[in-house]
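Since the structure comes first, as structure tokens, the remarks are kept for the end.
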There are 2 protein chains.
Amino acid sequence: MGRIICCGLGPGDPDLMSVRADREVRAATHVAYFRKKGRPGQARTIVEGMLAPDVREYPMEYPVTTELAVGSEEYARLLARFHDEWADRLAELARETDVVVLCEGDPFFYGSFMHMWRRLAADFPVEVVPGVTGMSGCWTRANLPITWGNDTLAVLPGTLDEGQLVERLRLTDAAVIMKVGRNLGKVRRAVEAAGLLSRAIYVERGTMDDERILPLAQCCEPVGAYFAMVLIPGEGRRL
Amino acid sequence: MGRIICCGLGPGDPDLMSVRADREVRAATHVAYFRKKGRPGQARTIVEGMLAPDVREYPMEYPVTTELAVGSEEYARLLARFHDEWADRLAELARETDVVVLCEGDPFFYGSFMHMWRRLAADFPVEVVPGVTGMSGCWTRANLPITWGNDTLAVLPGTLDEGQLVERLRLTDAAVIMKVGRNLGKVRRAVEAAGLLSRAIYVERGTMDDERILPLAQCCEPVGAYFAMVLIPGEGRRL
């Protein structure tokens with residue numbers, strides 16, 4: 001009986017992978033990773049050049065659901081079936097061998113692997129290796145210490161509606177707004193309404209080769225990049 | 001002219017250090033780290049056995065301020081002077097050689113190094129290597145995926161007053177309460193008042209040899225450990 005080992009790979013730069021993840025990835029005989037159909041996949045891209053020559057790869061390709069609303073029942077049904085099928089395949093593989101599942105960032109922080117974990121962990125030895133989160137990578141690259149002293153931090157998805165974003169931003173010292181992409185215009189308005197525009201930094205593809213970091217106030221495009229987030233540092237006690 | 005390189009060391013297990021931090025620590029000729037007087041120091045403990053035999057060590061020992069209230073002006077003055085003095089010493093060293101500053105967790109997430117960084121970064125090449133946060137280490141060890149789908153996450157210090165804790169907990173999907181230690185009783189009451197006690201997990205010294213993980217509801221001692229936090233996972237969409 002093998003193990004399923006999910007390795008958090010960090011924000012993008014392979015040098016930020018943990019020592020353990022680096023070791024597991026290089027030693028892997030079977031690797032699986034999520035990706036969109038037709039894309040190389042962020043997790044797979046991070047480990048480029050690290051895999052053994054005879055490794056067996058299992059790209060777990062999301063069903064194409066662009067025509068379905070993300071909140072719809074049909075979308076949920078498709079995704080659930082996709083997760084069921086891959087959980088079965090991973091379980092089958094793990095009866096024979098170790099399988100390393102590659103995940104960008106930290107697996108238990110908004111990670112797709114969580115959907116596998118909840119199907120498998122009761123029956124299989126599933127090990128999770130935590131990673132540096134995308135947001136840690138971004139605030140470090142942006143030279144932006146995020147929380148000082150007793151600052152509170154709110155991590156908010158850009159999918160919240162504008163009023164909720166403003167309310168949550170008003171009740172926190174520091175904030176990270178994820179999933180900015182198509183929500184960029186709304187996020188900008190909410191940050192401005194909360195009086196935080198002068199402190200807000202927009203980061204796209206942090207720690208990757210083509211990263212882009214600028215004040216949110218100067219970021220006027222209608223749609224942000226897929227891996228974009230907005231960072232608002234706290235102003236807690238400087239000693 | 002040398003560089004100042006602050007390495008985030010992760011939550012405690014040296015295997016969770018990044019590949020880059022591991023390399024910098026092993027190659028270091030001069031290392032500095034914060035610690036309390038008379039203690040080995042968490043950062044220094046993580047790298048035990050990794051340092052070069054002839055490395056020069058600079059323990060930055062906090063002035064003993066137990067008799068002063070943390071919020072007092074006198075405390076602030078003492079800490080500021082301590083940070084000024086060490087920023088000067090690091091600057092002096094960095095004129096001659098590279099200096100590696102060791103920090104547990106992720107340096108820009110509540111890290112003590114931030115107080116050095118704001119004094120030095122304008123004049124010196126200061127590099128920061130992000131690390132796995134203590135909270136990522138804890139939720140992984142606790143087998144607790146923390147945020148699902150569009151969950152919001154609030155990171156709250158246990159030093160907030162009880163009413164503020166309840167208010168913030170009511171306005172979030174997932175939460176991490178840090179600095180639980182002496183605030184354990186208050187944190188427990190607040191979590192219970194917010195209706196979240198059944199989901200809350202107490203984690204002490206996560207990823208370290210003597211870690212302790214149990215439901216907060218079963219954690220009845222009046223004072224928690226210094227490295228303790230409470231985790232409340234979100235209930236966002238499972239697909």
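In the structure tokens, chains take letters A, B, ... by order of appearance, with residues numbered from 1 within each chain and ligands from 1 in the order shown.
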
Within 8 Å of chain B: each chain A residue with its shortest pair, only C-alpha atoms, as CSV:
```
residue,atom,partner,partner_atom,distance
A:Asp15,CA,B:Arg20,CA,5.2
A:Leu16,CA,B:Ser18,CA,5.0
A:Met17,CA,B:Ser18,CA,5.3
A:Ser18,CA,B:Ser18,CA,4.0
A:Val19,CA,B:Val19,CA,5.1
A:Arg20,CA,B:Asp15,CA,5.3
A:Asp22,CA,B:Val19,CA,7.4
A:Ala76,CA,B:Leu239,CA,6.0
A:Arg77,CA,B:Leu239,CA,7.7
A:Leu79,CA,B:Leu239,CA,6.1
A:Ala80,CA,B:Leu239,CA,4.8
A:His83,CA,B:Leu239,CA,7.5
A:Asp106,CA,B:Ser136,CA,7.3
A:Pro107,CA,B:Pro145,CA,7.9
A:Phe108,CA,B:Pro145,CA,4.3
A:Phe109,CA,B:Thr147,CA,5.5
A:Tyr110,CA,B:Thr147,CA,5.2
A:Gly111,CA,B:Trp148,CA,7.8
A:Met114,CA,B:Pro145,CA,6.5
A:His115,CA,B:Leu239,CA,6.6
A:Val128,CA,B:Thr140,CA,6.7
A:Val129,CA,B:Thr140,CA,7.4
A:Pro130,CA,B:Gly137,CA,6.2
A:Gly131,CA,B:Val132,CA,5.6
A:Val132,CA,B:Val132,CA,4.4
A:Thr133,CA,B:Val132,CA,7.2
A:Ser136,CA,B:Pro130,CA,6.2
A:Gly137,CA,B:Pro130,CA,6.2
A:Trp139,CA,B:Phe108,CA,7.4
A:Thr140,CA,B:Pro130,CA,6.4
A:Leu144,CA,B:Phe108,CA,7.2
A:Pro145,CA,B:Phe108,CA,4.3
A:Ile146,CA,B:Phe109,CA,5.9
A:Thr147,CA,B:Tyr110,CA,5.2
A:Trp148,CA,B:Tyr110,CA,5.3
A:Gly149,CA,B:Tyr110,CA,6.4
A:Asn150,CA,B:Pro157,CA,5.9
A:Asp151,CA,B:Pro157,CA,7.3
A:Thr152,CA,B:Leu156,CA,4.9
A:Leu153,CA,B:Val155,CA,5.0
A:Ala154,CA,B:Ala154,CA,4.6
A:Val155,CA,B:Leu153,CA,5.0
A:Leu156,CA,B:Thr152,CA,4.9
A:Pro157,CA,B:Asn150,CA,5.9
A:Thr159,CA,B:Asn150,CA,7.3
A:Arg168,CA,B:Leu171,CA,7.6
A:Leu171,CA,B:Arg168,CA,7.6
A:Arg238,CA,B:His115,CA,6.8
A:Leu239,CA,B:Ala80,CA,4.8
```

Please, which residues of segment 4-216 of chain A, numbered as in this document, come out strand (DSSP E or B) from DSSP, as a PyMOL selection string?
-> chain A and resi 4-8+10+18+30-36+56-62+99-103+105+109+126-129+147+153-157+174-178+201-204+212-215

Atoms to include: N, CA and C atoms. Write the selected residues as a short mmCIF file (atom, residue, chain, number, x, y, z; two decimals), in the first residue's frame.
```
data_model
loop_
_atom_site.label_atom_id
_atom_site.label_comp_id
_atom_site.auth_asym_id
_atom_site.auth_seq_id
_atom_site.Cartn_x
_atom_site.Cartn_y
_atom_site.Cartn_z
N ILE A 4 -0.36 8.76 -0.35
CA ILE A 4 -0.63 9.92 -1.20
C ILE A 4 0.01 11.11 -0.48
N ILE A 5 0.93 11.76 -1.15
CA ILE A 5 1.67 12.87 -0.54
C ILE A 5 1.39 14.13 -1.34
N CYS A 6 0.71 15.07 -0.73
CA CYS A 6 0.42 16.32 -1.43
C CYS A 6 1.47 17.34 -1.04
N CYS A 7 2.23 17.80 -2.02
CA CYS A 7 3.30 18.76 -1.74
C CYS A 7 2.89 20.17 -2.12
N GLY A 8 2.84 21.05 -1.14
CA GLY A 8 2.68 22.48 -1.41
C GLY A 8 3.98 22.97 -2.04
N GLY A 10 4.61 26.25 -2.95
CA GLY A 10 4.91 27.67 -2.75
C GLY A 10 4.39 28.53 -3.88
N SER A 18 9.61 23.86 -0.06
CA SER A 18 10.29 23.40 1.16
C SER A 18 11.30 22.31 0.82
N HIS A 30 5.40 8.71 -9.44
CA HIS A 30 4.08 9.03 -9.99
C HIS A 30 3.66 10.40 -9.47
N VAL A 31 3.40 11.34 -10.38
CA VAL A 31 2.93 12.66 -9.94
C VAL A 31 1.59 12.99 -10.59
N ALA A 32 0.73 13.62 -9.82
CA ALA A 32 -0.56 14.10 -10.34
C ALA A 32 -0.67 15.58 -10.05
N TYR A 33 -1.39 16.31 -10.89
CA TYR A 33 -1.56 17.75 -10.67
C TYR A 33 -2.79 18.23 -11.43
N PHE A 34 -3.45 19.21 -10.84
CA PHE A 34 -4.60 19.84 -11.51
C PHE A 34 -4.12 20.81 -12.57
N ARG A 35 -4.89 20.91 -13.63
CA ARG A 35 -4.64 21.98 -14.60
C ARG A 35 -5.89 22.17 -15.45
N LYS A 36 -5.94 23.34 -16.06
CA LYS A 36 -7.00 23.57 -17.03
C LYS A 36 -6.64 22.89 -18.32
N ARG A 56 5.87 8.95 -14.00
CA ARG A 56 4.57 8.88 -14.69
C ARG A 56 3.72 10.05 -14.24
N GLU A 57 3.19 10.76 -15.22
CA GLU A 57 2.44 11.99 -14.92
C GLU A 57 0.94 11.80 -15.12
N TYR A 58 0.18 12.35 -14.20
CA TYR A 58 -1.28 12.28 -14.26
C TYR A 58 -1.86 13.69 -14.19
N PRO A 59 -1.97 14.37 -15.33
CA PRO A 59 -2.61 15.69 -15.29
C PRO A 59 -4.11 15.52 -15.04
N MET A 60 -4.59 16.16 -13.98
CA MET A 60 -6.03 16.09 -13.66
C MET A 60 -6.67 17.32 -14.29
N GLU A 61 -7.24 17.13 -15.47
CA GLU A 61 -7.71 18.28 -16.24
C GLU A 61 -9.15 18.62 -15.92
N TYR A 62 -9.34 19.86 -15.49
CA TYR A 62 -10.70 20.31 -15.18
C TYR A 62 -11.60 20.18 -16.38
N VAL A 99 2.10 8.18 -4.51
CA VAL A 99 1.73 9.18 -5.52
C VAL A 99 1.96 10.56 -4.92
N VAL A 100 2.69 11.40 -5.64
CA VAL A 100 2.90 12.78 -5.18
C VAL A 100 1.95 13.69 -5.94
N VAL A 101 1.11 14.41 -5.20
CA VAL A 101 0.21 15.38 -5.83
C VAL A 101 0.84 16.76 -5.68
N LEU A 102 0.99 17.45 -6.79
CA LEU A 102 1.63 18.76 -6.81
C LEU A 102 0.58 19.86 -6.66
N CYS A 103 0.80 20.79 -5.74
CA CYS A 103 -0.14 21.90 -5.57
C CYS A 103 0.62 23.20 -5.38
N GLY A 105 1.28 26.93 -3.96
CA GLY A 105 0.92 27.55 -2.67
C GLY A 105 0.95 26.56 -1.53
N PHE A 109 -4.85 25.88 2.11
CA PHE A 109 -5.28 27.27 2.04
C PHE A 109 -5.85 27.48 0.63
N VAL A 126 -2.78 9.85 3.84
CA VAL A 126 -2.57 11.06 3.03
C VAL A 126 -1.70 12.01 3.83
N GLU A 127 -0.56 12.38 3.25
CA GLU A 127 0.32 13.33 3.93
C GLU A 127 0.29 14.64 3.17
N VAL A 128 0.24 15.72 3.90
CA VAL A 128 0.24 17.04 3.28
C VAL A 128 1.47 17.81 3.75
N VAL A 129 2.20 18.37 2.80
CA VAL A 129 3.38 19.17 3.12
C VAL A 129 3.00 20.63 2.90
N THR A 147 1.66 42.62 8.48
CA THR A 147 1.01 42.77 9.80
C THR A 147 2.04 43.11 10.87
N LEU A 153 -5.64 40.69 10.28
CA LEU A 153 -5.54 40.52 8.83
C LEU A 153 -6.81 39.86 8.33
N ALA A 154 -7.39 40.41 7.27
CA ALA A 154 -8.54 39.76 6.62
C ALA A 154 -8.12 39.29 5.24
N VAL A 155 -8.38 38.02 4.96
CA VAL A 155 -8.17 37.50 3.60
C VAL A 155 -9.55 37.39 2.97
N LEU A 156 -9.74 38.14 1.88
CA LEU A 156 -11.06 38.26 1.29
C LEU A 156 -11.02 37.88 -0.19
N PRO A 157 -11.95 37.08 -0.66
CA PRO A 157 -12.00 36.83 -2.10
C PRO A 157 -12.65 38.03 -2.80
N ALA A 174 -5.20 45.03 8.32
CA ALA A 174 -4.50 44.67 7.08
C ALA A 174 -5.42 43.77 6.28
N ALA A 175 -5.22 43.74 4.96
CA ALA A 175 -6.08 42.88 4.13
C ALA A 175 -5.32 42.35 2.93
N VAL A 176 -5.74 41.16 2.52
CA VAL A 176 -5.31 40.58 1.25
C VAL A 176 -6.58 40.26 0.49
N ILE A 177 -6.69 40.78 -0.71
CA ILE A 177 -7.85 40.46 -1.53
C ILE A 177 -7.37 39.56 -2.67
N MET A 178 -7.90 38.33 -2.67
CA MET A 178 -7.49 37.33 -3.65
C MET A 178 -8.50 37.32 -4.79
N ILE A 201 -1.65 47.86 -2.75
CA ILE A 201 -0.69 47.46 -3.79
C ILE A 201 -1.27 46.28 -4.58
N TYR A 202 -1.15 46.38 -5.89
CA TYR A 202 -1.62 45.32 -6.78
C TYR A 202 -0.42 44.46 -7.17
N VAL A 203 -0.54 43.14 -7.02
CA VAL A 203 0.56 42.23 -7.36
C VAL A 203 0.04 41.13 -8.28
N GLU A 204 0.71 40.98 -9.37
CA GLU A 204 0.33 40.01 -10.39
C GLU A 204 1.47 39.01 -10.50
N ARG A 212 4.41 41.59 -11.66
CA ARG A 212 4.12 43.01 -11.91
C ARG A 212 3.53 43.55 -10.61
N ILE A 213 4.13 44.61 -10.10
CA ILE A 213 3.75 45.16 -8.80
C ILE A 213 3.57 46.66 -8.95
N LEU A 214 2.41 47.17 -8.60
CA LEU A 214 2.20 48.61 -8.68
C LEU A 214 1.10 49.04 -7.72
N PRO A 215 1.10 50.34 -7.37
CA PRO A 215 0.01 50.82 -6.51
C PRO A 215 -1.33 50.56 -7.19
#
```

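Residues lying within 8 Å of Ala225 of chain A, counting only C-alpha atoms and ignoring same-chain neighbours fewer than 3 positions away, are Val180, Gly181, Arg182, Glu204, Arg205 and Ala228 of chain A.
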
Grab the atom CA of Val47 of chain B to atom CA of Ala87 of chain B distance for me, in Å with one decimal place.
->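 Atom CA of Ala87 of chain B lies at a distance of 22.4 Å from atom CA of Val47 of chain B.
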
Could you do a least-squares fit of chain B on chain A over every C-alpha atom, in sequence order, and give the output as a short mmCIF file (atom, residue, chain, number, x, y, z; two decimals) with C-alpha atoms, in the first residue's frame?
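Output contents, as saved in result30.cif:
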```
data_model
loop_
_atom_site.label_atom_id
_atom_site.label_comp_id
_atom_site.auth_asym_id
_atom_site.auth_seq_id
_atom_site.Cartn_x
_atom_site.Cartn_y
_atom_site.Cartn_z
CA MET B 1 0.02 0.02 0.01
CA GLY B 2 1.42 3.39 -1.01
CA ARG B 3 0.88 6.84 0.34
CA ILE B 4 -0.63 9.93 -1.19
CA ILE B 5 1.67 12.88 -0.53
CA CYS B 6 0.42 16.33 -1.42
CA CYS B 7 3.30 18.77 -1.73
CA GLY B 8 2.68 22.49 -1.42
CA LEU B 9 5.07 24.07 -3.91
CA GLY B 10 4.91 27.67 -2.75
CA PRO B 11 4.16 30.82 -4.72
CA GLY B 12 6.03 30.07 -7.95
CA ASP B 13 9.79 30.35 -7.54
CA PRO B 14 11.05 26.73 -7.16
CA ASP B 15 13.62 27.99 -4.65
CA LEU B 16 10.74 28.70 -2.26
CA MET B 17 9.61 25.08 -2.20
CA SER B 18 10.29 23.40 1.14
CA VAL B 19 13.24 21.08 1.55
CA ARG B 20 10.79 18.22 2.01
CA ALA B 21 8.68 19.09 -1.05
CA ASP B 22 11.85 19.38 -3.13
CA ARG B 23 12.94 15.91 -2.00
CA GLU B 24 9.52 14.31 -2.56
CA VAL B 25 9.15 15.84 -6.02
CA ARG B 26 12.60 14.69 -7.19
CA ALA B 27 12.06 11.17 -5.83
CA ALA B 28 8.53 10.79 -7.16
CA THR B 29 7.72 7.93 -9.51
CA HIS B 30 4.08 9.04 -9.99
CA VAL B 31 2.93 12.66 -9.93
CA ALA B 32 -0.57 14.09 -10.33
CA TYR B 33 -1.58 17.74 -10.67
CA PHE B 34 -4.60 19.82 -11.51
CA ARG B 35 -4.66 21.98 -14.61
CA LYS B 36 -7.03 23.56 -17.05
CA LYS B 37 -7.41 21.74 -20.33
CA GLY B 38 -4.84 22.94 -22.83
CA ARG B 39 -2.69 24.72 -20.21
CA PRO B 40 0.63 23.52 -18.76
CA GLY B 41 -0.69 24.07 -15.20
CA GLN B 42 0.89 26.24 -12.51
CA ALA B 43 1.96 23.37 -10.23
CA ARG B 44 3.55 21.41 -13.08
CA THR B 45 5.32 24.55 -14.32
CA ILE B 46 6.97 25.11 -10.91
CA VAL B 47 8.60 21.66 -10.94
CA GLU B 48 9.82 21.85 -14.56
CA GLY B 49 13.25 20.22 -14.75
CA MET B 50 12.96 18.53 -11.34
CA LEU B 51 11.05 15.36 -12.17
CA ALA B 52 12.77 12.02 -12.71
CA PRO B 53 13.08 11.11 -16.41
CA ASP B 54 10.84 8.06 -16.08
CA VAL B 55 8.20 9.65 -13.84
CA ARG B 56 4.57 8.88 -14.69
CA GLU B 57 2.45 12.00 -14.92
CA TYR B 58 -1.27 12.29 -14.26
CA PRO B 59 -2.61 15.69 -15.29
CA MET B 60 -6.02 16.08 -13.66
CA GLU B 61 -7.71 18.27 -16.26
CA TYR B 62 -10.70 20.28 -15.18
CA PRO B 63 -13.77 19.70 -17.27
CA VAL B 64 -14.39 22.70 -19.50
CA THR B 65 -17.20 24.58 -17.80
CA THR B 66 -16.82 28.09 -19.18
CA GLU B 67 -20.37 28.03 -20.48
CA LEU B 68 -21.71 27.31 -16.95
CA ALA B 69 -22.09 29.84 -14.15
CA VAL B 70 -19.65 28.99 -11.34
CA GLY B 71 -22.47 28.96 -8.79
CA SER B 72 -24.82 26.79 -10.84
CA GLU B 73 -25.91 23.32 -9.81
CA GLU B 74 -24.74 21.89 -13.09
CA TYR B 75 -21.24 23.28 -12.49
CA ALA B 76 -21.20 21.83 -8.97
CA ARG B 77 -22.32 18.45 -10.31
CA LEU B 78 -19.63 18.40 -13.00
CA LEU B 79 -16.88 19.36 -10.55
CA ALA B 80 -18.02 16.82 -7.97
CA ARG B 81 -18.00 14.06 -10.58
CA PHE B 82 -14.54 15.13 -11.73
CA HIS B 83 -13.27 15.05 -8.14
CA ASP B 84 -14.91 11.66 -7.51
CA GLU B 85 -13.30 10.17 -10.60
CA TRP B 86 -9.83 11.42 -9.75
CA ALA B 87 -10.13 10.43 -6.11
CA ASP B 88 -10.89 6.90 -7.36
CA ARG B 89 -7.92 6.93 -9.72
CA LEU B 90 -5.54 8.23 -7.04
CA ALA B 91 -6.83 5.59 -4.63
CA GLU B 92 -6.26 2.90 -7.23
CA LEU B 93 -2.70 4.11 -7.85
CA ALA B 94 -1.99 4.40 -4.13
CA ARG B 95 -2.85 0.74 -3.65
CA GLU B 96 0.36 -0.02 -5.56
CA THR B 97 2.73 2.91 -5.13
CA ASP B 98 3.36 6.34 -3.61
CA VAL B 99 1.73 9.18 -5.51
CA VAL B 100 2.90 12.78 -5.17
CA VAL B 101 0.21 15.38 -5.82
CA LEU B 102 1.63 18.76 -6.81
CA CYS B 103 -0.15 21.90 -5.56
CA GLU B 104 0.90 25.52 -5.89
CA GLY B 105 0.94 27.54 -2.67
CA ASP B 106 -0.16 25.87 0.57
CA PRO B 107 -2.52 22.91 -0.01
CA PHE B 108 -4.89 23.57 2.92
CA PHE B 109 -5.29 27.27 2.05
CA TYR B 110 -7.83 27.36 -0.79
CA GLY B 111 -6.11 24.37 -2.44
CA SER B 112 -7.87 22.18 -4.99
CA PHE B 113 -6.36 19.15 -3.30
CA MET B 114 -8.70 19.65 -0.35
CA HIS B 115 -11.46 18.12 -2.49
CA MET B 116 -9.32 14.99 -2.93
CA TRP B 117 -8.29 14.98 0.71
CA ARG B 118 -11.86 14.87 2.01
CA ARG B 119 -12.61 11.89 -0.23
CA LEU B 120 -9.41 9.95 0.54
CA ALA B 121 -8.06 10.78 3.99
CA ALA B 122 -10.36 8.42 5.89
CA ASP B 123 -9.13 5.37 3.94
CA PHE B 124 -5.58 6.19 2.88
CA PRO B 125 -2.45 7.52 4.49
CA VAL B 126 -2.58 11.05 3.04
CA GLU B 127 0.31 13.34 3.94
CA VAL B 128 0.24 17.05 3.29
CA VAL B 129 3.38 19.19 3.12
CA PRO B 130 2.54 22.84 3.81
CA GLY B 131 3.98 25.47 1.50
CA VAL B 132 4.67 29.18 1.38
CA THR B 133 1.35 30.78 0.40
CA GLY B 134 0.99 32.88 -2.71
CA MET B 135 0.21 35.87 -0.49
CA SER B 136 3.47 35.49 1.47
CA GLY B 137 5.35 35.40 -1.82
CA CYS B 138 3.53 38.52 -3.00
CA TRP B 139 3.98 40.67 0.11
CA THR B 140 7.66 39.74 0.26
CA ARG B 141 8.25 40.65 -3.38
CA ALA B 142 6.27 43.86 -2.92
CA ASN B 143 8.53 44.80 0.03
CA LEU B 144 5.47 45.11 2.18
CA PRO B 145 5.52 43.82 5.76
CA ILE B 146 1.82 43.01 6.06
CA THR B 147 1.02 42.77 9.79
CA TRP B 148 2.65 44.67 12.67
CA GLY B 149 2.17 44.17 16.40
CA ASN B 150 -1.45 43.34 17.05
CA ASP B 151 -2.77 44.04 13.55
CA THR B 152 -5.67 41.92 12.38
CA LEU B 153 -5.53 40.53 8.84
CA ALA B 154 -8.53 39.77 6.63
CA VAL B 155 -8.16 37.51 3.62
CA LEU B 156 -11.06 38.26 1.30
CA PRO B 157 -11.98 36.83 -2.08
CA GLY B 158 -12.63 39.47 -4.72
CA THR B 159 -15.87 37.64 -5.45
CA LEU B 160 -17.58 39.21 -2.42
CA ASP B 161 -20.03 41.92 -3.41
CA GLU B 162 -18.89 45.51 -3.18
CA GLY B 163 -20.78 46.30 0.03
CA GLN B 164 -19.40 43.24 1.82
CA LEU B 165 -15.88 44.08 0.71
CA VAL B 166 -16.19 47.62 2.09
CA GLU B 167 -17.63 46.36 5.39
CA ARG B 168 -14.88 43.77 5.90
CA LEU B 169 -12.15 46.21 4.89
CA ARG B 170 -13.41 48.74 7.43
CA LEU B 171 -13.17 46.12 10.20
CA THR B 172 -9.58 45.05 9.67
CA ASP B 173 -6.11 46.53 9.98
CA ALA B 174 -4.48 44.67 7.09
CA ALA B 175 -6.06 42.90 4.15
CA VAL B 176 -5.30 40.58 1.27
CA ILE B 177 -7.84 40.47 -1.52
CA MET B 178 -7.48 37.33 -3.63
CA LYS B 179 -9.11 36.33 -6.91
CA VAL B 180 -8.90 39.88 -8.14
CA GLY B 181 -8.85 39.07 -11.89
CA ARG B 182 -12.25 39.98 -13.32
CA ASN B 183 -13.22 41.66 -10.05
CA LEU B 184 -10.52 44.31 -10.33
CA GLY B 185 -12.85 47.25 -10.97
CA LYS B 186 -15.14 46.35 -8.06
CA VAL B 187 -12.19 45.67 -5.74
CA ARG B 188 -10.71 49.06 -6.58
CA ARG B 189 -13.99 50.84 -5.86
CA ALA B 190 -14.38 48.98 -2.55
CA VAL B 191 -10.82 49.75 -1.44
CA GLU B 192 -11.35 53.40 -2.30
CA ALA B 193 -14.70 53.50 -0.48
CA ALA B 194 -13.03 52.02 2.61
CA GLY B 195 -10.44 54.82 2.48
CA LEU B 196 -7.54 52.47 1.81
CA LEU B 197 -6.56 53.21 -1.78
CA SER B 198 -3.37 55.04 -0.85
CA ARG B 199 -2.04 51.95 0.98
CA ALA B 200 -3.15 49.30 -1.52
CA ILE B 201 -0.69 47.48 -3.79
CA TYR B 202 -1.61 45.33 -6.77
CA VAL B 203 0.57 42.23 -7.35
CA GLU B 204 0.35 40.02 -10.39
CA ARG B 205 2.17 36.67 -10.62
CA GLY B 206 4.32 37.43 -7.54
CA THR B 207 7.73 35.64 -7.43
CA MET B 208 7.33 34.51 -11.04
CA ASP B 209 9.45 35.76 -13.94
CA ASP B 210 6.78 38.08 -15.24
CA GLU B 211 5.60 39.53 -11.92
CA ARG B 212 4.11 43.02 -11.91
CA ILE B 213 3.76 45.17 -8.79
CA LEU B 214 2.21 48.64 -8.68
CA PRO B 215 0.01 50.83 -6.50
CA LEU B 216 -3.64 49.86 -6.97
CA ALA B 217 -4.36 53.54 -7.59
CA GLN B 218 -2.27 53.32 -10.77
CA CYS B 219 -3.85 50.09 -11.93
CA CYS B 220 -6.61 51.23 -14.22
CA GLU B 221 -7.20 48.24 -16.49
CA PRO B 222 -10.70 46.76 -16.29
CA VAL B 223 -9.57 43.15 -15.71
CA GLY B 224 -6.60 41.96 -13.65
CA ALA B 225 -4.46 38.89 -14.22
CA TYR B 226 -5.60 35.49 -13.01
CA PHE B 227 -2.89 35.27 -10.32
CA ALA B 228 -3.46 38.81 -9.04
CA MET B 229 -4.06 40.02 -5.52
CA VAL B 230 -4.34 43.32 -3.70
CA LEU B 231 -2.34 43.84 -0.50
CA ILE B 232 -3.14 46.43 2.16
CA PRO B 233 -0.50 46.46 4.92
CA GLY B 234 -1.43 47.12 8.52
CA GLU B 235 -0.27 50.16 10.42
CA GLY B 236 0.29 48.47 13.79
CA ARG B 237 2.88 49.57 16.25
CA ARG B 238 6.36 50.26 14.90
CA LEU B 239 8.84 49.94 17.71
#
```
